[in-house]
Amino acid sequence: MARKTVKEISKEEAFALADEVARDIVANRALAAERDQHIQDVQDKYNPLIEANDKAIDAKIALVAMFAKNHRAEYFADKKSCETPLAILSFRYGNPTLKTLSSKDTWDDVAAALEASKEGRAFVKVKKDIDKRGLLKKTAEWLAGFKLRISQSETFAIDPKTDAIA
């Protein structure tokens, strides 16, 4: 693939192009704002209806769930689901999670009990982390002693003077 070469331009061309970029940025922001307003208008129109439907659906599910729990032996004895012409009613397990035996127990208590056990120690993690923000305050020479250096990139930007562009 051929390498793309950029020709040198004059000061006047560069400044004129920078002003054109500034106008383009402002125009693009206006388009994005108009798009976002249209999106907001559509959301404002449909979200209340969707939220009301969701609440009604949740209320109906709660009523059917209460029926299913009260009649579990009758309709869900053989398996965890039953069917209607348009729906499948089912009991499902969620993802397994750990909880303490009592609300009085804390995770620190659990960690201490695990650490005290030879078998339990394998289940306690200790995470080491580097304070990168703190290290940024150190000198380059000091950082080099720990195989570190500060890297900072430079980019070029054109920022429009929005008050000057109509």
# chains A, B, ... in the order shown; residues from 1 in each chain; ligands from 1
$ residues_around --residues "Thr84 in chain A" --least-positions-apart "5" --cutoff "12 Å" --atoms "only C-alpha atoms" --output "PDB file with C-alpha atoms, in the first residue's frame"
ATOM      1  CA  TYR A  75     -49.389 -27.924  39.076  1.00  0.00           C
ATOM      2  CA  LEU A  89     -44.966 -20.765  34.162  1.00  0.00           C
ATOM      3  CA  SER A  90     -41.822 -21.856  35.966  1.00  0.00           C
TER       4      SER A  90
END
$ select_by_dssp --residues "chain A" --states "helix (DSSP H, G or I)" --output "PyMOL selection string"
chain A and resi 11-70+72-75+107-116+120-123+132-135+140-144
$ write_last_selection --atoms "C-alpha atoms" --output "compact mmCIF listing (two decimals), in the first residue's frame"
# COMPACT_ATOMS: atom_id res chain seq x y z
CA LYS A 11 0.01 30.01 7.20
CA GLU A 12 -3.07 31.52 5.55
CA GLU A 13 -4.26 28.10 4.36
CA ALA A 14 -3.62 26.55 7.78
CA PHE A 15 -5.48 29.26 9.66
CA ALA A 16 -8.36 29.24 7.15
CA LEU A 17 -8.57 25.46 7.47
CA ALA A 18 -8.52 25.75 11.29
CA ASP A 19 -11.44 28.19 11.12
CA GLU A 20 -13.26 25.77 8.78
CA VAL A 21 -12.66 22.95 11.26
CA ALA A 22 -14.03 25.15 14.07
CA ARG A 23 -17.19 25.87 12.02
CA ASP A 24 -17.53 22.15 11.23
CA ILE A 25 -17.19 21.22 14.92
CA VAL A 26 -19.87 23.72 15.94
CA ALA A 27 -22.19 22.55 13.13
CA ASN A 28 -21.62 18.92 14.13
CA ARG A 29 -22.41 19.73 17.76
CA ALA A 30 -25.64 21.41 16.62
CA LEU A 31 -26.59 18.30 14.62
CA ALA A 32 -25.81 16.08 17.60
CA ALA A 33 -27.91 18.33 19.87
CA GLU A 34 -30.80 18.18 17.40
CA ARG A 35 -30.50 14.38 17.18
CA ASP A 36 -30.36 14.10 20.97
CA GLN A 37 -33.46 16.30 21.27
CA HIS A 38 -35.36 14.03 18.87
CA ILE A 39 -34.25 10.98 20.86
CA GLN A 40 -35.34 12.68 24.09
CA ASP A 41 -38.72 13.56 22.56
CA VAL A 42 -39.28 9.91 21.56
CA GLN A 43 -38.20 8.70 25.01
CA ASP A 44 -40.49 11.26 26.67
CA LYS A 45 -43.38 9.98 24.54
CA TYR A 46 -42.87 6.25 25.07
CA ASN A 47 -41.11 5.84 28.44
CA PRO A 48 -44.18 6.66 30.60
CA LEU A 49 -46.24 4.11 28.65
CA ILE A 50 -43.50 1.48 28.91
CA GLU A 51 -43.04 2.12 32.64
CA ALA A 52 -46.78 1.89 33.26
CA ASN A 53 -46.95 -1.37 31.30
CA ASP A 54 -43.95 -2.74 33.22
CA LYS A 55 -45.67 -1.98 36.54
CA ALA A 56 -48.90 -3.62 35.37
CA ILE A 57 -46.96 -6.67 34.15
CA ASP A 58 -45.08 -6.94 37.46
CA ALA A 59 -48.37 -6.77 39.39
CA LYS A 60 -49.87 -9.54 37.24
CA ILE A 61 -46.73 -11.68 37.63
CA ALA A 62 -46.96 -11.24 41.43
CA LEU A 63 -50.57 -12.49 41.40
CA VAL A 64 -49.72 -15.50 39.22
CA ALA A 65 -46.64 -16.23 41.37
CA MET A 66 -48.79 -16.24 44.51
CA PHE A 67 -51.20 -18.67 42.83
CA ALA A 68 -48.28 -20.87 41.69
CA LYS A 69 -46.77 -20.98 45.19
CA ASN A 70 -50.13 -21.83 46.75
CA ARG A 72 -47.24 -25.81 43.70
CA ALA A 73 -48.00 -29.41 44.61
CA GLU A 74 -50.94 -29.47 42.21
CA TYR A 75 -49.39 -27.92 39.08
CA TRP A 107 -17.21 -10.73 56.11
CA ASP A 108 -14.20 -9.81 58.24
CA ASP A 109 -15.28 -12.51 60.69
CA VAL A 110 -15.55 -14.98 57.83
CA ALA A 111 -12.10 -14.02 56.52
CA ALA A 112 -10.59 -14.42 59.98
CA ALA A 113 -12.21 -17.86 60.40
CA LEU A 114 -10.97 -18.96 56.95
CA GLU A 115 -7.44 -17.70 57.64
CA ALA A 116 -7.40 -19.61 60.93
CA GLY A 120 -9.73 -22.23 54.52
CA ARG A 121 -6.59 -20.13 53.86
CA ALA A 122 -6.75 -21.02 50.18
CA PHE A 123 -10.03 -19.13 49.90
CA LYS A 132 0.09 5.01 40.44
CA ARG A 133 -1.21 8.47 41.33
CA GLY A 134 1.22 8.66 44.21
CA LEU A 135 4.10 7.47 42.04
CA ALA A 140 12.13 10.43 37.09
CA GLU A 141 15.39 9.28 38.71
CA TRP A 142 13.59 7.77 41.68
CA LEU A 143 11.09 6.00 39.39
CA ALA A 144 13.88 4.61 37.20
$ select_by_dssp --residues "range 41-119 of chain A" --states "strand (DSSP E)" --output "list in words"
Ser81, Cys82, Glu83, Ile88, Leu89 and Ser90 of chain A
$ closest_residue --among "A:Arg149, A:Lys104, A:Lys80, A:Lys99" --to "Lys137 in chain A" --atoms "only C-alpha atoms"
A:Arg149
